[in-house]
$ cat work-v8.cif   # mmCIF, C-alpha atoms
data_protein
#
loop_
_atom_site.label_atom_id
_atom_site.label_comp_id
_atom_site.auth_asym_id
_atom_site.auth_seq_id
_atom_site.Cartn_x
_atom_site.Cartn_y
_atom_site.Cartn_z
CA MET X 272 -42.56 12.30 5.73
CA PHE X 273 -42.06 13.72 2.23
CA SER X 274 -44.13 16.79 3.03
CA GLY X 275 -41.93 17.34 6.09
CA LEU X 276 -38.81 17.14 3.92
CA ARG X 277 -40.32 19.60 1.47
CA VAL X 278 -40.97 22.05 4.30
CA SER X 279 -37.41 21.53 5.60
CA ALA X 280 -36.00 22.09 2.11
CA PHE X 281 -38.11 25.27 1.72
CA LEU X 282 -36.91 26.67 5.05
CA ALA X 283 -33.32 25.75 4.26
CA TRP X 284 -33.42 27.43 0.85
CA LYS X 285 -34.97 30.62 2.26
CA ALA X 286 -32.34 30.71 5.01
CA ILE X 287 -29.57 30.40 2.42
CA GLN X 288 -31.14 33.11 0.23
CA ARG X 289 -31.49 35.54 3.11
CA GLY X 290 -28.19 34.69 4.76
CA SER X 291 -24.84 36.39 4.32
CA LYS X 292 -23.44 35.53 0.90
CA GLY X 293 -19.93 36.36 2.07
CA THR X 294 -20.15 33.95 5.01
CA LEU X 295 -21.57 31.27 2.73
CA ALA X 296 -18.77 31.72 0.16
CA LEU X 297 -16.10 31.72 2.86
CA THR X 298 -17.49 28.54 4.44
CA ILE X 299 -17.64 26.78 1.06
CA MET X 300 -14.04 27.81 0.34
CA ILE X 301 -12.86 26.49 3.71
CA ILE X 302 -14.61 23.17 3.05
CA ALA X 303 -13.00 23.09 -0.41
CA LEU X 304 -9.52 23.63 1.04
CA ILE X 305 -10.15 20.93 3.64
CA PHE X 306 -11.19 18.57 0.84
CA VAL X 307 -7.98 19.32 -1.08
CA ASN X 308 -5.96 18.64 2.04
CA LEU X 309 -7.75 15.30 2.52
CA VAL X 310 -6.99 14.21 -1.05
CA PHE X 311 -3.60 15.82 -1.72
CA LEU X 312 -1.33 13.92 0.67
CA PRO X 313 -2.70 10.46 -0.25
CA SER X 314 -2.19 11.35 -3.92
CA ILE X 315 1.44 12.29 -3.21
CA ILE X 316 1.95 9.02 -1.30
CA SER X 317 0.55 7.11 -4.27
CA GLY X 318 2.82 9.14 -6.54
CA VAL X 319 5.90 8.28 -4.46
CA VAL X 320 5.04 4.58 -4.62
CA GLU X 321 4.41 4.81 -8.36
CA THR X 322 7.72 6.61 -8.92
CA PHE X 323 9.68 4.09 -6.88
CA ASN X 324 8.05 1.15 -8.65
CA THR X 325 8.74 2.67 -12.06
CA GLN X 326 12.35 3.42 -11.14
CA SER X 327 12.85 -0.13 -9.89
CA ILE X 328 11.37 -1.75 -12.98
CA ASP X 329 12.97 0.57 -15.54
CA PHE X 330 16.48 0.87 -14.13
CA ASP X 331 17.28 -1.45 -11.26
CA THR X 332 15.57 -4.84 -11.14
CA GLY X 333 13.10 -5.27 -13.97
CA ASN X 334 9.82 -6.90 -12.97
CA LEU X 335 11.43 -10.08 -11.61
CA VAL X 336 14.89 -10.98 -10.35
CA ILE X 337 16.29 -14.50 -10.60
CA GLU X 338 18.99 -15.11 -7.99
CA PRO X 339 21.37 -18.03 -7.33
CA ARG X 340 20.16 -21.06 -5.44
CA GLU X 341 20.71 -21.11 -1.71
CA GLY X 342 24.38 -21.65 -0.93
CA SER X 343 25.57 -20.55 -4.40
CA GLN X 344 27.23 -17.25 -5.26
CA TYR X 345 26.44 -17.34 -8.96
CA ILE X 346 23.81 -18.68 -11.34
CA ASP X 347 25.41 -21.41 -13.45
CA ASP X 348 24.59 -21.83 -17.15
CA ALA X 349 23.09 -18.33 -17.28
CA THR X 350 22.57 -18.54 -21.04
CA GLY X 351 20.54 -21.77 -20.76
CA LEU X 352 18.40 -20.29 -18.01
CA GLN X 353 17.82 -17.18 -20.11
CA LYS X 354 16.51 -19.28 -22.98
CA LYS X 355 14.21 -21.22 -20.67
CA VAL X 356 12.80 -18.03 -19.15
CA GLU X 357 12.28 -16.33 -22.50
CA ARG X 358 10.10 -19.24 -23.65
CA VAL X 359 7.50 -18.28 -21.04
CA PRO X 360 4.59 -16.34 -22.63
CA GLY X 361 4.57 -12.71 -21.53
CA ILE X 362 8.33 -12.46 -20.87
CA THR X 363 9.74 -9.76 -23.16
CA GLY X 364 13.39 -9.76 -22.13
CA THR X 365 16.08 -11.08 -19.77
CA SER X 366 19.43 -9.61 -18.80
CA PRO X 367 22.14 -11.39 -16.79
CA ARG X 368 24.20 -9.19 -14.50
CA THR X 369 27.37 -9.93 -12.58
CA ALA X 370 27.90 -7.60 -9.61
CA ALA X 371 31.15 -6.82 -7.82
CA GLY X 372 32.01 -4.37 -5.07
CA VAL X 373 34.93 -2.35 -6.42
CA THR X 374 36.92 0.80 -5.70
CA TYR X 375 37.22 3.49 -8.37
CA PHE X 376 40.26 5.79 -8.61
CA TYR X 377 40.40 9.06 -10.51
CA LYS X 378 42.87 11.96 -10.14
CA GLY X 379 43.79 11.04 -6.57
CA ARG X 380 40.18 10.55 -5.54
CA ASN X 381 38.53 7.23 -4.85
CA ALA X 382 35.03 5.90 -4.30
CA ALA X 383 33.73 2.46 -3.35
CA SER X 384 30.62 1.30 -5.15
CA THR X 385 29.14 -1.47 -7.31
CA LEU X 386 30.27 -2.44 -10.79
CA TYR X 387 27.97 -4.52 -12.98
CA GLY X 388 28.92 -6.71 -15.88
CA ILE X 389 26.16 -6.76 -18.50
CA THR X 390 25.41 -7.88 -22.02
CA PRO X 391 24.41 -4.51 -23.55
CA GLU X 392 21.81 -5.83 -26.00
CA ASP X 393 20.16 -7.94 -23.29
CA GLU X 394 20.21 -4.99 -20.92
CA ARG X 395 18.39 -2.83 -23.47
CA SER X 396 15.57 -5.39 -23.58
CA VAL X 397 14.96 -5.09 -19.82
CA THR X 398 16.03 -1.68 -18.51
CA ARG X 399 15.94 1.85 -19.91
CA ILE X 400 19.38 2.99 -18.77
CA ALA X 401 20.48 3.33 -22.42
CA ASP X 402 17.74 5.96 -22.91
CA TYR X 403 19.09 8.12 -20.08
CA MET X 404 22.62 8.79 -21.28
CA THR X 405 23.40 12.45 -20.54
CA ASP X 406 26.79 12.28 -22.24
CA GLY X 407 28.57 9.78 -24.48
CA GLU X 408 27.11 6.43 -25.50
CA PHE X 409 25.81 3.21 -24.00
CA LEU X 410 28.00 0.10 -24.09
CA SER X 411 28.21 -2.17 -27.11
CA ASN X 412 28.61 -5.94 -26.95
CA GLY X 413 32.18 -5.79 -28.23
CA ASP X 414 33.49 -3.17 -25.76
CA ILE X 415 36.46 -4.36 -23.70
CA ASP X 416 38.13 -1.37 -22.06
CA ALA X 417 34.99 0.81 -21.82
CA ILE X 418 32.86 1.74 -18.83
CA ILE X 419 29.70 3.81 -18.33
CA MET X 420 29.04 5.54 -15.02
CA GLY X 421 26.11 6.98 -13.13
CA ALA X 422 25.97 10.75 -12.81
CA THR X 423 26.30 10.62 -9.02
CA LEU X 424 29.38 8.40 -9.17
CA ALA X 425 30.97 10.50 -11.93
CA GLY X 426 30.18 13.60 -9.88
CA THR X 427 30.86 17.28 -10.49
CA GLU X 428 34.20 18.98 -10.00
CA GLY X 429 34.47 20.39 -6.48
CA GLU X 430 31.04 19.19 -5.33
CA GLU X 431 30.42 16.65 -2.60
CA ALA X 432 27.69 14.06 -3.18
CA GLY X 433 26.19 14.22 0.29
CA GLY X 434 27.85 11.05 1.53
CA LEU X 435 27.24 9.12 -1.69
CA PRO X 436 30.19 7.70 -3.65
CA SER X 437 31.49 10.33 -6.09
CA LEU X 438 34.68 10.87 -8.10
CA GLN X 439 33.86 14.58 -8.46
CA GLY X 440 34.33 15.38 -12.10
CA VAL X 441 34.69 12.33 -14.34
CA ARG X 442 33.92 13.12 -17.98
CA VAL X 443 33.44 11.06 -21.11
CA GLY X 444 36.84 10.09 -22.50
CA ASP X 445 38.58 10.13 -19.10
CA ARG X 446 40.36 7.07 -17.78
CA VAL X 447 39.22 5.52 -14.51
CA GLU X 448 41.07 2.84 -12.58
CA VAL X 449 38.99 0.04 -11.03
CA ALA X 450 40.25 -2.25 -8.25
CA TYR X 451 38.33 -5.55 -8.22
CA PRO X 452 37.71 -7.62 -5.06
CA ASN X 453 40.14 -10.33 -6.25
CA GLY X 454 42.99 -7.81 -6.25
CA GLU X 455 43.14 -7.24 -10.00
CA THR X 456 43.14 -3.68 -11.30
CA ARG X 457 41.91 -2.48 -14.70
CA THR X 458 41.84 0.93 -16.35
CA TYR X 459 38.77 1.83 -18.40
CA ARG X 460 37.86 4.65 -20.74
CA VAL X 461 34.60 6.32 -19.75
CA LYS X 462 32.31 5.82 -22.75
CA GLY X 463 29.20 7.41 -21.30
CA ILE X 464 27.49 8.92 -18.26
CA PHE X 465 23.84 8.26 -17.42
CA LYS X 466 21.39 9.87 -15.03
CA THR X 467 18.26 7.96 -13.98
CA GLN X 468 17.63 9.69 -10.60
CA SER X 469 17.63 6.24 -8.99
CA PHE X 470 20.02 6.06 -6.01
CA GLY X 471 21.28 2.54 -6.55
CA VAL X 472 21.82 3.00 -10.27
CA ASP X 473 23.37 6.48 -10.45
CA THR X 474 26.05 5.49 -7.93
CA ALA X 475 27.05 2.42 -9.96
CA ALA X 476 28.90 1.70 -13.20
CA PHE X 477 28.71 -0.90 -15.96
CA VAL X 478 31.17 -2.84 -18.11
CA THR X 479 30.48 -5.68 -20.49
CA GLN X 480 29.81 -9.16 -19.15
CA SER X 481 32.76 -10.57 -21.10
CA GLU X 482 35.11 -8.09 -19.45
CA MET X 483 33.79 -8.86 -15.97
CA ASN X 484 33.98 -12.63 -16.59
CA GLU X 485 37.58 -12.37 -17.73
CA VAL X 486 38.63 -10.43 -14.62
CA LEU X 487 36.75 -12.63 -12.14
CA GLY X 488 37.44 -15.89 -13.97
CA LEU X 489 33.78 -16.72 -14.53
CA GLN X 490 32.33 -18.87 -17.31
CA ASN X 491 28.68 -18.37 -18.35
CA GLN X 492 27.73 -17.32 -14.82
CA ALA X 493 25.79 -14.37 -13.42
CA SER X 494 24.94 -12.83 -10.07
CA VAL X 495 21.34 -12.23 -11.12
CA ILE X 496 19.12 -12.36 -14.17
CA LEU X 497 16.68 -9.50 -14.57
CA VAL X 498 13.35 -10.33 -16.20
CA LYS X 499 11.06 -7.90 -18.02
CA THR X 500 7.38 -8.81 -18.33
CA GLU X 501 4.87 -7.65 -20.89
CA VAL X 502 2.49 -6.26 -18.25
CA ASN X 503 3.37 -4.50 -15.00
CA GLY X 504 1.42 -5.45 -11.88
CA ARG X 505 1.24 -9.19 -12.57
CA GLU X 506 4.65 -10.10 -11.16
CA GLU X 507 3.28 -12.76 -8.82
CA ASP X 508 1.50 -14.48 -11.73
CA TYR X 509 4.67 -14.53 -13.83
CA LYS X 510 6.65 -15.75 -10.83
CA ARG X 511 4.34 -18.74 -10.42
CA GLU X 512 4.52 -19.39 -14.16
CA LEU X 513 8.33 -19.45 -14.08
CA LEU X 514 8.35 -21.81 -11.10
CA SER X 515 5.98 -24.12 -12.97
CA TYR X 516 8.62 -24.37 -15.71
CA GLY X 517 10.92 -26.08 -13.22
CA ILE X 518 13.28 -23.19 -12.52
CA GLN X 519 15.15 -24.02 -9.33
CA GLU X 520 16.78 -20.64 -8.73
CA GLU X 521 15.32 -18.08 -6.34
CA ILE X 522 12.75 -15.82 -8.04
CA ARG X 523 11.73 -12.54 -6.44
CA THR X 524 9.45 -9.74 -7.57
CA PHE X 525 10.79 -6.19 -7.62
CA GLN X 526 8.64 -5.45 -4.54
CA GLU X 527 10.28 -8.30 -2.63
CA LYS X 528 13.71 -7.18 -3.83
CA SER X 529 13.17 -3.72 -2.40
CA GLY X 530 13.25 -5.33 1.06
CA GLY X 531 10.25 -3.46 2.48
CA PHE X 532 11.80 -0.03 1.93
CA VAL X 533 8.69 1.27 0.17
CA ASP X 534 6.39 -0.24 2.80
CA GLN X 535 8.32 1.49 5.58
CA ALA X 536 8.22 4.81 3.74
CA VAL X 537 4.50 4.45 3.05
CA GLN X 538 3.81 3.61 6.71
CA SER X 539 5.58 6.82 7.75
CA PHE X 540 3.62 8.81 5.18
CA ASN X 541 0.38 7.20 6.35
CA ILE X 542 1.00 8.29 9.93
CA ILE X 543 1.48 11.87 8.72
CA ASN X 544 -1.60 11.53 6.54
CA ALA X 545 -3.71 10.25 9.45
CA ILE X 546 -2.69 13.22 11.60
CA SER X 547 -3.35 15.65 8.75
CA THR X 548 -6.76 14.06 8.06
CA LEU X 549 -7.76 14.23 11.73
CA VAL X 550 -6.78 17.90 11.98
CA SER X 551 -8.63 18.72 8.75
CA LEU X 552 -11.82 17.03 9.90
CA ILE X 553 -11.64 18.77 13.29
CA ILE X 554 -11.34 22.10 11.45
CA ALA X 555 -14.35 21.15 9.33
CA VAL X 556 -16.37 20.31 12.46
CA VAL X 557 -15.42 23.59 14.15
CA VAL X 558 -16.15 25.74 11.09
CA VAL X 559 -19.54 24.16 10.36
CA PHE X 560 -20.50 24.15 14.07
CA ILE X 561 -19.69 27.85 14.46
CA VAL X 562 -21.50 28.85 11.26
CA ILE X 563 -24.68 26.91 12.13
CA PHE X 564 -24.53 27.91 15.80
CA ILE X 565 -24.37 31.61 14.94
CA ASN X 566 -27.09 31.08 12.36
CA THR X 567 -29.46 29.39 14.81
CA VAL X 568 -28.76 31.87 17.62
CA ASN X 569 -29.59 34.78 15.30
CA ARG X 570 -32.82 33.01 14.33
CA ARG X 571 -33.98 31.87 17.76
CA ARG X 572 -37.02 34.10 17.63
CA GLN X 573 -37.91 32.88 14.13
CA ILE X 574 -37.50 29.27 15.30
CA GLY X 575 -39.82 29.99 18.23
CA ILE X 576 -42.45 31.47 15.90
CA LEU X 577 -42.19 28.46 13.56
CA LYS X 578 -42.78 26.13 16.51
CA ALA X 579 -45.68 28.30 17.68
CA ILE X 580 -47.50 27.97 14.36
CA GLY X 581 -47.16 24.17 14.48
CA ILE X 582 -43.92 23.42 12.62
CA ASP X 583 -42.43 20.25 14.06
CA GLN X 584 -39.10 20.55 15.85
CA GLN X 585 -37.53 17.85 13.65
CA ILE X 586 -38.50 19.74 10.50
CA ILE X 587 -36.63 22.78 11.78
CA ILE X 588 -33.59 20.69 12.66
CA ASN X 589 -33.70 19.02 9.26
CA SER X 590 -33.71 22.41 7.55
CA TYR X 591 -30.36 23.21 9.12
CA VAL X 592 -29.02 19.77 8.27
CA LEU X 593 -30.01 20.38 4.64
CA GLN X 594 -28.18 23.73 4.73
CA VAL X 595 -25.07 21.88 5.93
CA LEU X 596 -25.44 19.27 3.18
CA PHE X 597 -25.76 22.06 0.61
CA ILE X 598 -22.61 23.77 1.91
CA ALA X 599 -20.71 20.48 2.06
CA ALA X 600 -21.79 19.56 -1.49
CA LEU X 601 -20.67 22.90 -2.94
CA GLY X 602 -17.46 22.74 -0.88
CA ALA X 603 -16.69 19.25 -2.14
CA LEU X 604 -17.39 20.29 -5.74
CA ALA X 605 -15.17 23.34 -5.41
CA GLY X 606 -12.55 21.12 -3.76
CA ILE X 607 -12.64 18.67 -6.66
CA LEU X 608 -12.11 21.51 -9.14
CA LEU X 609 -9.34 23.03 -7.03
CA ASN X 610 -7.64 19.67 -6.59
CA ALA X 611 -7.87 19.06 -10.35
CA GLY X 612 -6.05 22.35 -10.89
CA VAL X 613 -3.32 21.46 -8.38
CA THR X 614 -2.96 17.97 -9.90
CA THR X 615 -2.69 19.41 -13.42
CA TYR X 616 -0.01 21.86 -12.29
CA LEU X 617 2.03 19.25 -10.43
CA THR X 618 1.76 16.89 -13.40
CA ALA X 619 3.30 19.57 -15.60
CA TYR X 620 5.81 20.63 -12.90
CA PRO X 621 6.26 17.58 -10.65
CA LEU X 622 7.71 17.62 -7.16
CA VAL X 623 11.38 16.67 -7.20
CA PHE X 624 12.15 13.91 -4.70
CA PRO X 625 15.57 12.28 -4.22
CA GLY X 626 14.31 9.20 -6.07
CA GLY X 627 12.97 11.18 -9.02
CA PRO X 628 10.03 13.38 -10.01
CA VAL X 629 6.78 12.60 -8.21
CA TYR X 630 3.42 13.12 -9.89
CA PRO X 631 0.23 13.08 -7.77
CA VAL X 632 -1.82 9.95 -8.38
CA VAL X 633 -5.41 10.72 -7.40
CA GLU X 634 -7.42 7.58 -6.67
CA VAL X 635 -11.20 7.53 -6.93
CA SER X 636 -11.41 5.75 -3.56
CA ALA X 637 -9.57 8.66 -1.88
CA ILE X 638 -12.00 11.18 -3.39
CA LEU X 639 -15.06 9.18 -2.34
CA ARG X 640 -13.65 8.64 1.13
CA SER X 641 -12.95 12.36 1.53
CA ILE X 642 -16.42 13.35 0.34
CA ALA X 643 -18.04 10.86 2.72
CA SER X 644 -15.92 12.09 5.64
CA LEU X 645 -16.81 15.72 4.93
CA PHE X 646 -20.52 14.96 4.75
CA VAL X 647 -20.51 12.94 7.97
CA VAL X 648 -18.62 15.50 10.08
CA SER X 649 -20.59 18.37 8.55
CA VAL X 650 -23.96 16.76 9.35
CA VAL X 651 -22.87 16.01 12.92
CA ALA X 652 -21.46 19.52 13.40
CA GLY X 653 -24.61 21.10 11.96
CA TYR X 654 -27.11 18.90 13.78
CA ILE X 655 -25.85 19.61 17.31
CA PRO X 656 -26.38 23.43 17.44
CA ALA X 657 -29.66 23.14 15.51
CA TRP X 658 -30.94 20.53 17.99
CA GLN X 659 -29.85 22.65 20.97
CA ILE X 660 -31.81 25.69 19.81
CA ALA X 661 -34.82 23.85 18.37
CA ARG X 662 -35.49 21.93 21.58
CA GLU X 663 -35.99 25.15 23.59
CA ASP X 664 -39.53 25.90 24.67
CA ILE X 665 -41.48 28.30 22.48
CA LEU X 666 -41.63 31.28 24.89
CA SER X 667 -37.90 31.18 25.65
CA ALA X 668 -37.06 31.06 21.95
CA ILE X 669 -39.43 33.95 21.10
CA ARG X 670 -38.05 36.12 23.91
CA GLY X 671 -34.56 35.41 22.46
#

$ encode --input "work-v8.cif" --output "structure tokens"
Amino acid sequence: MFSGLRVSAFLAWKAIQRGSKGTLALTIMIIALIFVNLVFLPSIISGVVETFNTQSIDFDTGNLVIEPREGSQYIDDATGLQKKVERVPGITGTSPRTAAGVTYFYKGRNAASTLYGITPEDERSVTRIADYMTDGEFLSNGDIDAIIMGATLAGTEGEEAGGLPSLQGVRVGDRVEVAYPNGETRTYRVKGIFKTQSFGVDTAAFVTQSEMNEVLGLQNQASVILVKTEVNGREEDYKRELLSYGIQEEIRTFQEKSGGFVDQAVQSFNIINAISTLVSLIIAVVVVFIVIFINTVNRRRQIGILKAIGIDQQIIINSYVLQVLFIAALGALAGILLNAGVTTYLTAYPLVFPGGPVYPVVEVSAILRSIASLFVVSVVAGYIPAWQIAREDILSAIRG
């Protein structure tokens, strides 16, 4: 058996040495590009998921969201619940928010969106909105007539926001009128404008919790309490821990809060990825089949002579399979290097998606799966033409 493999390896190496170097290089490059195509789209899908998760945790929901009990509009005794939650090991911050659907008015323009009442210092311990102020300053605990707005809601003079709420040109220092759902109207000075590239955040605005409570007539109540955990990815563990502390309110992870939006997007991407993978593998099969078929046809006479001097048919077939494995191995290696270059470039200059910049996240499982797929289809595509030629009778093969 081992002697047969040695003979197959010898024949394969001689065939590669004597073959066309240009054809070999071109085939390896095609395999490399196919490998990149197999890895690239899954890495972008992973990057989209990673970006959305980061945006949700950093700007919108934190790791966990505590909501009112069923049948209640607000969480009562929000301060007491905050203290109870913050006693749980691994919880690094909590921030109560009161949400209201309001209408903003500015220079004859209006936009309907969400206004949040927050405690600025608490908000800093959970979200990173304060780090993304493009103009002005974040709120302070004592602010009464101040408001900060998302860049999309503030807008740019003369520019539409593509169907999103926009006041088209609000600047720091301007005065914006806000009509609350209870009919009360307040005028606020714009203290700052932030830009997080998160849809739900950049179309919203924030005032202090005390201001919101005064307008809505609330007392130590909140619509939600955002919870920041020490470690990302363990939301379910922290959720169970909070429930074990006797918290009766509804607790949801940021994934649950997203309402399946990411799952739906990923499913759509996966369909595209499946089609792309199938097409890539078909191309790999066709390329390898054609290369080996032409190779075996041009060597029919040599194959016949080898069989005539007693070389087993399977040894000849195995020599071509080894050639295919060699090509696939070099193609995969070149593909890994090429993909590393693409990943490095896109990490430095990420793709800009509506939800923010997307960096490719290359998973080891995707690389291994792609390498395995390439080897399998290459071996199959190389075996078939080699078997077809090698099984011919000796005289037919020698005559060509």

$ residues_around --input "work-v8.cif" --residues "range 434-437 of chain X" --least-positions-apart "6" --cutoff "10 Å" --atoms "all atoms listed in the file" --output "PDB file with C-alpha atoms, in the frame of the given file"
ATOM      1  CA  THR X 374      36.920   0.800  -5.700  1.00  0.00           C
ATOM      2  CA  TYR X 375      37.220   3.490  -8.370  1.00  0.00           C
ATOM      3  CA  ARG X 380      40.180  10.550  -5.540  1.00  0.00           C
ATOM      4  CA  ASN X 381      38.530   7.230  -4.850  1.00  0.00           C
ATOM      5  CA  ALA X 382      35.030   5.900  -4.300  1.00  0.00           C
ATOM      6  CA  ALA X 383      33.730   2.460  -3.350  1.00  0.00           C
ATOM      7  CA  SER X 384      30.620   1.300  -5.150  1.00  0.00           C
ATOM      8  CA  THR X 385      29.140  -1.470  -7.310  1.00  0.00           C
ATOM      9  CA  GLY X 421      26.110   6.980 -13.130  1.00  0.00           C
ATOM     10  CA  ALA X 422      25.970  10.750 -12.810  1.00  0.00           C
ATOM     11  CA  THR X 423      26.300  10.620  -9.020  1.00  0.00           C
ATOM     12  CA  LEU X 424      29.380   8.400  -9.170  1.00  0.00           C
ATOM     13  CA  ALA X 425      30.970  10.500 -11.930  1.00  0.00           C
ATOM     14  CA  GLY X 426      30.180  13.600  -9.880  1.00  0.00           C
ATOM     15  CA  THR X 427      30.860  17.280 -10.490  1.00  0.00           C
ATOM     16  CA  GLU X 428      34.200  18.980 -10.000  1.00  0.00           C
ATOM     17  CA  PHE X 470      20.020   6.060  -6.010  1.00  0.00           C
ATOM     18  CA  ASP X 473      23.370   6.480 -10.450  1.00  0.00           C
ATOM     19  CA  THR X 474      26.050   5.490  -7.930  1.00  0.00           C
ATOM     20  CA  ALA X 475      27.050   2.420  -9.960  1.00  0.00           C
TER      21      ALA X 475
END

$ residues_around --input "work-v8.cif" --residues "Val495 in chain X" --least-positions-apart "2" --cutoff "8 Å" --atoms "only C-alpha atoms" --output "list in words"
Val336, Ile337, Glu338, Pro339, Tyr345, Ile346, Pro367, Arg368, Thr369, Ala493 and Leu497 of chain X

$ residues_near_point --input "work-v8.cif" --point "(-24.7, 17.4, 14.2)" --cutoff "12 Å" --atoms "all atoms listed in the file" --output "number ranges by chain"
X: 556-557, 559-561, 563-564, 588-589, 591-596, 646-659

$ resolve_selection --input "work-v8.cif" --expression "the PyMOL selection byres ((chain X and resi 466) around 7)" --output "ChimeraX atom specification"
/X:403-405,421-422,464-465,467-468,473

$ write_last_selection --input "work-v8.cif" --atoms "C-alpha atoms" --output "short mmCIF file (atom, residue, chain, number, x, y, z; two decimals), keeping the file's coordinate frame"
data_model
loop_
_atom_site.label_atom_id
_atom_site.label_comp_id
_atom_site.auth_asym_id
_atom_site.auth_seq_id
_atom_site.Cartn_x
_atom_site.Cartn_y
_atom_site.Cartn_z
CA TYR X 403 19.09 8.12 -20.08
CA MET X 404 22.62 8.79 -21.28
CA THR X 405 23.40 12.45 -20.54
CA GLY X 421 26.11 6.98 -13.13
CA ALA X 422 25.97 10.75 -12.81
CA ILE X 464 27.49 8.92 -18.26
CA PHE X 465 23.84 8.26 -17.42
CA THR X 467 18.26 7.96 -13.98
CA GLN X 468 17.63 9.69 -10.60
CA ASP X 473 23.37 6.48 -10.45
#

$ resolve_selection --input "work-v8.cif" --expression "the PyMOL selection byres ((chain X and resi 617) around 12)" --output "ChimeraX atom specification"
/X:311,314-315,318,610-616,618-623,628-633

$ resolve_selection --input "work-v8.cif" --expression "the PyMOL selection byres ((chain X and resi 303) around 9)" --output "PyMOL selection string"
chain X and resi 298-302+304-308+599+601-610

$ residues_around --input "work-v8.cif" --residues "range 352-356 of chain X" --least-positions-apart "2" --cutoff "9 Å" --atoms "all atoms listed in the file" --output "PDB file with C-alpha atoms, keeping the file's coordinate frame"
ATOM      1  CA  ILE X 346      23.810 -18.680 -11.340  1.00  0.00           C
ATOM      2  CA  ASP X 347      25.410 -21.410 -13.450  1.00  0.00           C
ATOM      3  CA  ASP X 348      24.590 -21.830 -17.150  1.00  0.00           C
ATOM      4  CA  ALA X 349      23.090 -18.330 -17.280  1.00  0.00           C
ATOM      5  CA  THR X 350      22.570 -18.540 -21.040  1.00  0.00           C
ATOM      6  CA  ARG X 358      10.100 -19.240 -23.650  1.00  0.00           C
ATOM      7  CA  VAL X 359       7.500 -18.280 -21.040  1.00  0.00           C
ATOM      8  CA  ILE X 362       8.330 -12.460 -20.870  1.00  0.00           C
ATOM      9  CA  GLY X 364      13.390  -9.760 -22.130  1.00  0.00           C
ATOM     10  CA  THR X 365      16.080 -11.080 -19.770  1.00  0.00           C
ATOM     11  CA  SER X 366      19.430  -9.610 -18.800  1.00  0.00           C
ATOM     12  CA  PRO X 367      22.140 -11.390 -16.790  1.00  0.00           C
ATOM     13  CA  ILE X 496      19.120 -12.360 -14.170  1.00  0.00           C
ATOM     14  CA  VAL X 498      13.350 -10.330 -16.200  1.00  0.00           C
ATOM     15  CA  LEU X 513       8.330 -19.450 -14.080  1.00  0.00           C
ATOM     16  CA  TYR X 516       8.620 -24.370 -15.710  1.00  0.00           C
ATOM     17  CA  ILE X 518      13.280 -23.190 -12.520  1.00  0.00           C
TER      18      ILE X 518
END
